[in-house]
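Trainee: One structure is given below, represented as structure tokens, and several questions about it will come after.
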Amino acid sequence: MNFGKCGGALSVARATSRARGVHCNQGEFLFLVMDEDKHRIQTYYRALFRAWGPQHWWPAQSRLEVIVGAYLTQNTAWTNVEKALANLRAARVLSLKGIREISLSELERLIRPAGYFRQKAKRLKLFVAFLDERYKGSLKKLFARPTNDLREELLSLHGIGPETADSILLYAGNHPVFVVDAYTRRIIARHGILSEEASYEEIRDVFERALAPMAEAIADSSDAENQTLAAGIAGAAHPPSAMSTAKRTALTQVYNEMHGLIVGVGKNYCRKSDPSCTECPLFVFLSDGKLRLKGA
Ligand code: SF4
């Protein structure tokens, strides 16, 4: 069992059958990561990677394209985002300069396929204004900030929640943070690792603690594993892109890959209703062969 860092005393705050949360007397809320859960998450990674290989996330040619995609994908399917991105590309405004200079109404028109287009257009404009004001319009300067400081700063922006902030940090900035999405939440709840009510930060913490120790080993072995992939379905893989092949640390790579693999499970098998468990690569890890559905 591992504990997070605490400068003072720890006390168990929430006793469940899997004793999870503890309070630190210095005001932090920390999490226990059971060795068993760590091992399970590591095993899931290996099984999925062996089945599908590298997922090549994020499908983008530039950091700005990742950021725009992270905003646009809120509450909509990626296929709709692709249409909006294609419109921006065709209008030659998929750049900081383009978004800075285009009128709000024209931006709204171009991103309309992604839904909530008025709200999203305003948020994209706000992001560029923030970048101009604080970082002289430089993404390089923005991403040079320490991870935790930048995360706080992004979360303070209107329209950026934890999933969007972490997608920007990980996929645009190559910062080592794990992105938690609805699929992650659903899969670990159904496998009894955490409850469906677990907070975003709790889930992120569990995944980061599980994946961090295996980062170097995965980096060393990935080339060999890639060559033995089965043909056919490949999760949620994208063709390699400038951003997916960018240089990054082993730790960033393992967080990057795991999120992509989880999306593959969610999209292909672990649907909200009627999941296809028996065809899923994670079926063998359902502890009692039964789904843990909410309210069950
Ligand atoms: S589809 Fe079934 S086996 Fe696959 S992750 Fe979801 S609950 Fe697990």
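As shown in the structure tokens, the chain order sets the letters A, B, ...; within each chain, residues go from 1, and ligands are also counted from 1 in the order they appear.
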Please extract the residues at most 7 Å from ligand 1, counting only C-alpha atoms and all ligand atoms, and provide them as a list in words, using the chain letters and residue numbers of this document.
Mentor: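 Within the 7 Å cut-off, the matching residues are Ile187, Arg190, His191, Val265, Tyr269, Cys270, Arg271, Pro275, Ser276, Cys277, Thr278, Cys280, Pro281, Leu282, Phe283, Leu286 and Leu291 of chain A.
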Trainee: Do you have, as a tab-separated table, the list of residues of segment 76-102 of chain A lying at most 7 Å from segment 125-129 of chain A, each with its nearest atom pair and that distance in Å to one decimal, counting only C-alpha atoms and ordered by chain then number?
Mentor:
residue	atom	partner	partner_atom	distance
A:Leu96	CA	A:Val128	CA	6.8
A:Ile99	CA	A:Lys125	CA	6.7
A:Arg100	CA	A:Val128	CA	6.4
Trainee: Just want the 7 Å neighbourhood of Thr76 of chain A, counted on only C-alpha atoms, with same-chain residues fewer than 2 positions away dropped. Output as an MDAnalysis selection string.
Mentor: chainID A and resid 73:74 78 80 114:115
Trainee: May I have the selected residues written with C-alpha atoms, as a PDB file, in the first residue's frame?
Mentor:
ATOM      1  CA  THR A  73     -14.410  17.834 -27.964  1.00  0.00           C
ATOM      2  CA  GLN A  74     -16.236  18.884 -24.809  1.00  0.00           C
ATOM      3  CA  TRP A  78     -14.678  13.352 -32.062  1.00  0.00           C
ATOM      4  CA  ASN A  80     -17.901  16.299 -35.075  1.00  0.00           C
ATOM      5  CA  ALA A 114     -18.750  20.603 -32.843  1.00  0.00           C
ATOM      6  CA  GLY A 115     -21.868  21.871 -31.043  1.00  0.00           C
TER       7      GLY A 115
END
Trainee: What is the distance, in Å and to one decimal place, between atom CA of Phe285 of chain A and atom CA of Glu257 of chain A?
Mentor: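 Rounded to one decimal, the two atoms are 19.5 Å apart.
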Trainee: Using DSSP assignments from the backbone, pull out every residue in segment 105-167 of chain A that falls under alpha helix (DSSP H) and give it to me as an mmCIF file with N, CA and C atoms, in the first residue's frame.
Mentor:
data_model
loop_
_atom_site.group_PDB
_atom_site.id
_atom_site.type_symbol
_atom_site.label_atom_id
_atom_site.label_comp_id
_atom_site.auth_asym_id
_atom_site.auth_seq_id
_atom_site.Cartn_x
_atom_site.Cartn_y
_atom_site.Cartn_z
ATOM 1 N N SER A 105 -18.072 35.837 -34.871
ATOM 2 C CA SER A 105 -19.188 35.215 -35.601
ATOM 3 C C SER A 105 -18.681 34.229 -36.658
ATOM 4 N N GLU A 106 -17.571 34.570 -37.291
ATOM 5 C CA GLU A 106 -17.023 33.661 -38.298
ATOM 6 C C GLU A 106 -16.458 32.395 -37.629
ATOM 7 N N LEU A 107 -15.823 32.594 -36.474
ATOM 8 C CA LEU A 107 -15.307 31.435 -35.742
ATOM 9 C C LEU A 107 -16.467 30.517 -35.338
ATOM 10 N N GLU A 108 -17.531 31.122 -34.879
ATOM 11 C CA GLU A 108 -18.725 30.333 -34.501
ATOM 12 C C GLU A 108 -19.213 29.519 -35.699
ATOM 13 N N ARG A 109 -19.249 30.150 -36.845
ATOM 14 C CA ARG A 109 -19.756 29.468 -38.048
ATOM 15 C C ARG A 109 -18.872 28.255 -38.383
ATOM 16 N N LEU A 110 -17.574 28.453 -38.309
ATOM 17 C CA LEU A 110 -16.653 27.380 -38.696
ATOM 18 C C LEU A 110 -16.681 26.186 -37.729
ATOM 19 N N ILE A 111 -16.877 26.469 -36.461
ATOM 20 C CA ILE A 111 -16.829 25.336 -35.499
ATOM 21 C C ILE A 111 -18.219 24.802 -35.167
ATOM 22 N N PHE A 117 -21.339 25.867 -30.201
ATOM 23 C CA PHE A 117 -20.330 26.621 -30.954
ATOM 24 C C PHE A 117 -20.135 28.060 -30.457
ATOM 25 N N ARG A 118 -21.203 28.675 -29.921
ATOM 26 C CA ARG A 118 -21.034 30.056 -29.413
ATOM 27 C C ARG A 118 -20.128 30.060 -28.188
ATOM 28 N N GLN A 119 -20.442 29.166 -27.278
ATOM 29 C CA GLN A 119 -19.659 29.028 -26.051
ATOM 30 C C GLN A 119 -18.198 28.654 -26.367
ATOM 31 N N LYS A 120 -18.033 27.706 -27.262
ATOM 32 C CA LYS A 120 -16.680 27.233 -27.574
ATOM 33 C C LYS A 120 -15.866 28.296 -28.314
ATOM 34 N N ALA A 121 -16.521 29.053 -29.195
ATOM 35 C CA ALA A 121 -15.810 30.120 -29.922
ATOM 36 C C ALA A 121 -15.313 31.171 -28.933
ATOM 37 N N LYS A 122 -16.161 31.529 -27.996
ATOM 38 C CA LYS A 122 -15.782 32.524 -26.985
ATOM 39 C C LYS A 122 -14.602 31.996 -26.151
ATOM 40 N N ARG A 123 -14.652 30.739 -25.806
ATOM 41 C CA ARG A 123 -13.587 30.162 -24.976
ATOM 42 C C ARG A 123 -12.248 30.093 -25.714
ATOM 43 N N LEU A 124 -12.323 29.803 -27.000
ATOM 44 C CA LEU A 124 -11.079 29.766 -27.782
ATOM 45 C C LEU A 124 -10.467 31.164 -27.862
ATOM 46 N N LYS A 125 -11.319 32.147 -28.062
ATOM 47 C CA LYS A 125 -10.835 33.539 -28.097
ATOM 48 C C LYS A 125 -10.217 33.908 -26.738
ATOM 49 N N LEU A 126 -10.876 33.480 -25.675
ATOM 50 C CA LEU A 126 -10.373 33.782 -24.323
ATOM 51 C C LEU A 126 -9.007 33.143 -24.089
ATOM 52 N N PHE A 127 -8.851 31.914 -24.585
ATOM 53 C CA PHE A 127 -7.571 31.239 -24.405
ATOM 54 C C PHE A 127 -6.454 32.020 -25.090
ATOM 55 N N VAL A 128 -6.700 32.452 -26.320
ATOM 56 C CA VAL A 128 -5.668 33.190 -27.053
ATOM 57 C C VAL A 128 -5.376 34.526 -26.354
ATOM 58 N N ALA A 129 -6.413 35.178 -25.848
ATOM 59 C CA ALA A 129 -6.208 36.446 -25.129
ATOM 60 C C ALA A 129 -5.358 36.215 -23.874
ATOM 61 N N PHE A 130 -5.628 35.116 -23.181
ATOM 62 C CA PHE A 130 -4.845 34.747 -21.987
ATOM 63 C C PHE A 130 -3.382 34.503 -22.361
ATOM 64 N N LEU A 131 -3.187 33.768 -23.456
ATOM 65 C CA LEU A 131 -1.821 33.456 -23.895
ATOM 66 C C LEU A 131 -1.087 34.744 -24.278
ATOM 67 N N ASP A 132 -1.763 35.623 -24.967
ATOM 68 C CA ASP A 132 -1.139 36.889 -25.383
ATOM 69 C C ASP A 132 -0.749 37.722 -24.170
ATOM 70 N N GLU A 133 -1.674 37.786 -23.228
ATOM 71 C CA GLU A 133 -1.455 38.663 -22.075
ATOM 72 C C GLU A 133 -0.382 38.117 -21.125
ATOM 73 N N ARG A 134 -0.450 36.838 -20.836
ATOM 74 C CA ARG A 134 0.476 36.275 -19.842
ATOM 75 C C ARG A 134 1.787 35.754 -20.441
ATOM 76 N N TYR A 135 1.728 35.281 -21.687
ATOM 77 C CA TYR A 135 2.901 34.612 -22.251
ATOM 78 C C TYR A 135 3.316 35.181 -23.602
ATOM 79 N N LEU A 139 3.302 29.636 -26.941
ATOM 80 C CA LEU A 139 2.978 28.340 -26.332
ATOM 81 C C LEU A 139 4.222 27.736 -25.695
ATOM 82 N N LYS A 140 5.376 28.065 -26.258
ATOM 83 C CA LYS A 140 6.631 27.554 -25.700
ATOM 84 C C LYS A 140 6.808 28.064 -24.268
ATOM 85 N N LYS A 141 6.543 29.357 -24.091
ATOM 86 C CA LYS A 141 6.665 29.929 -22.735
ATOM 87 C C LYS A 141 5.591 29.325 -21.813
ATOM 88 N N LEU A 142 4.398 29.168 -22.339
ATOM 89 C CA LEU A 142 3.318 28.596 -21.525
ATOM 90 C C LEU A 142 3.709 27.216 -21.012
ATOM 91 N N PHE A 143 4.167 26.356 -21.926
ATOM 92 C CA PHE A 143 4.445 24.977 -21.537
ATOM 93 C C PHE A 143 5.777 24.809 -20.802
ATOM 94 N N THR A 147 4.563 21.870 -14.148
ATOM 95 C CA THR A 147 3.276 21.205 -14.412
ATOM 96 C C THR A 147 2.157 21.647 -13.462
ATOM 97 N N ASN A 148 2.414 21.593 -12.166
ATOM 98 C CA ASN A 148 1.329 21.894 -11.223
ATOM 99 C C ASN A 148 0.882 23.346 -11.309
ATOM 100 N N ASP A 149 1.832 24.248 -11.490
ATOM 101 C CA ASP A 149 1.486 25.682 -11.608
ATOM 102 C C ASP A 149 0.641 25.915 -12.848
ATOM 103 N N LEU A 150 1.084 25.300 -13.948
ATOM 104 C CA LEU A 150 0.347 25.509 -15.197
ATOM 105 C C LEU A 150 -1.042 24.876 -15.123
ATOM 106 N N ARG A 151 -1.124 23.751 -14.464
ATOM 107 C CA ARG A 151 -2.433 23.085 -14.325
ATOM 108 C C ARG A 151 -3.399 24.002 -13.576
ATOM 109 N N GLU A 152 -2.919 24.587 -12.492
ATOM 110 C CA GLU A 152 -3.767 25.512 -11.725
ATOM 111 C C GLU A 152 -4.201 26.683 -12.586
ATOM 112 N N GLU A 153 -3.273 27.180 -13.354
ATOM 113 C CA GLU A 153 -3.560 28.340 -14.195
ATOM 114 C C GLU A 153 -4.612 27.995 -15.269
ATOM 115 N N LEU A 154 -4.442 26.847 -15.885
ATOM 116 C CA LEU A 154 -5.413 26.432 -16.910
ATOM 117 C C LEU A 154 -6.791 26.223 -16.275
ATOM 118 N N LEU A 155 -6.803 25.618 -15.098
ATOM 119 C CA LEU A 155 -8.094 25.362 -14.444
ATOM 120 C C LEU A 155 -8.804 26.650 -14.049
ATOM 121 N N PRO A 162 -10.949 19.811 -15.405
ATOM 122 C CA PRO A 162 -9.761 18.953 -15.278
ATOM 123 C C PRO A 162 -9.439 18.135 -16.529
ATOM 124 N N GLU A 163 -10.459 17.579 -17.187
ATOM 125 C CA GLU A 163 -10.150 16.737 -18.360
ATOM 126 C C GLU A 163 -9.544 17.570 -19.494
ATOM 127 N N THR A 164 -10.093 18.753 -19.715
ATOM 128 C CA THR A 164 -9.551 19.619 -20.777
ATOM 129 C C THR A 164 -8.156 20.105 -20.400
ATOM 130 N N ALA A 165 -7.984 20.524 -19.149
ATOM 131 C CA ALA A 165 -6.661 21.009 -18.704
ATOM 132 C C ALA A 165 -5.617 19.911 -18.872
ATOM 133 N N ASP A 166 -5.966 18.702 -18.447
ATOM 134 C CA ASP A 166 -4.981 17.622 -18.511
ATOM 135 C C ASP A 166 -4.724 17.163 -19.950
ATOM 136 N N SER A 167 -5.748 17.233 -20.796
ATOM 137 C CA SER A 167 -5.526 16.906 -22.213
ATOM 138 C C SER A 167 -4.546 17.900 -22.829
#
Trainee: Between A:Phe49, A:Trp57, A:Tyr44, A:Tyr183, single out the one closest to Ala234 of chain A, counting only C-alpha atoms.
Mentor: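 Closest candidate: A:Phe49.
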Trainee: Go through A:Arg40, A:Ala144, A:Ala70, A:Ala51 one by one, measure the shortest atom-to-atom distance of each to Val206 of chain A using only C-alpha atoms, and give the residue with the smallest value.
Mentor: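 The shortest atom-to-atom distance to Val206 of chain A comes from A:Arg40.
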Trainee: How many Å separate atom CA of Thr252 of chain A from atom CA of Glu196 of chain A?
Mentor: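 Distance reported for this atom pair: 26.0 Å.
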Trainee: For Ala237 of chain A, which residue out of A:Tyr171, A:Trp52, A:Phe207, A:Tyr200 is the nearest one, using only C-alpha atoms?
Mentor: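 Selected residue with least distance to Ala237 of chain A: A:Trp52.
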Trainee: Any idea what the distance is between atom CA of His39 of chain A and atom CA of Ala212 of chain A?
Mentor: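 One can read the atom CA of His39 of chain A to atom CA of Ala212 of chain A distance as 11.8 Å.
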Trainee: Pick out the closest residue to Asp205 of chain A from this set: A:Ala246, A:Lys38, A:Gly161, A:Gln253. Count only C-alpha atoms.
Mentor: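 Ranked by minimum distance to Asp205 of chain A, first place goes to A:Lys38.
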Trainee: Please provide as a ChimeraX atom specification all residues within 7 Å of Leu211 of chain A, with the sequence filter that same-chain residues fewer than 3 positions apart are discarded (counting only C-alpha atoms).
Mentor: /A:42,207-208,214-215,254
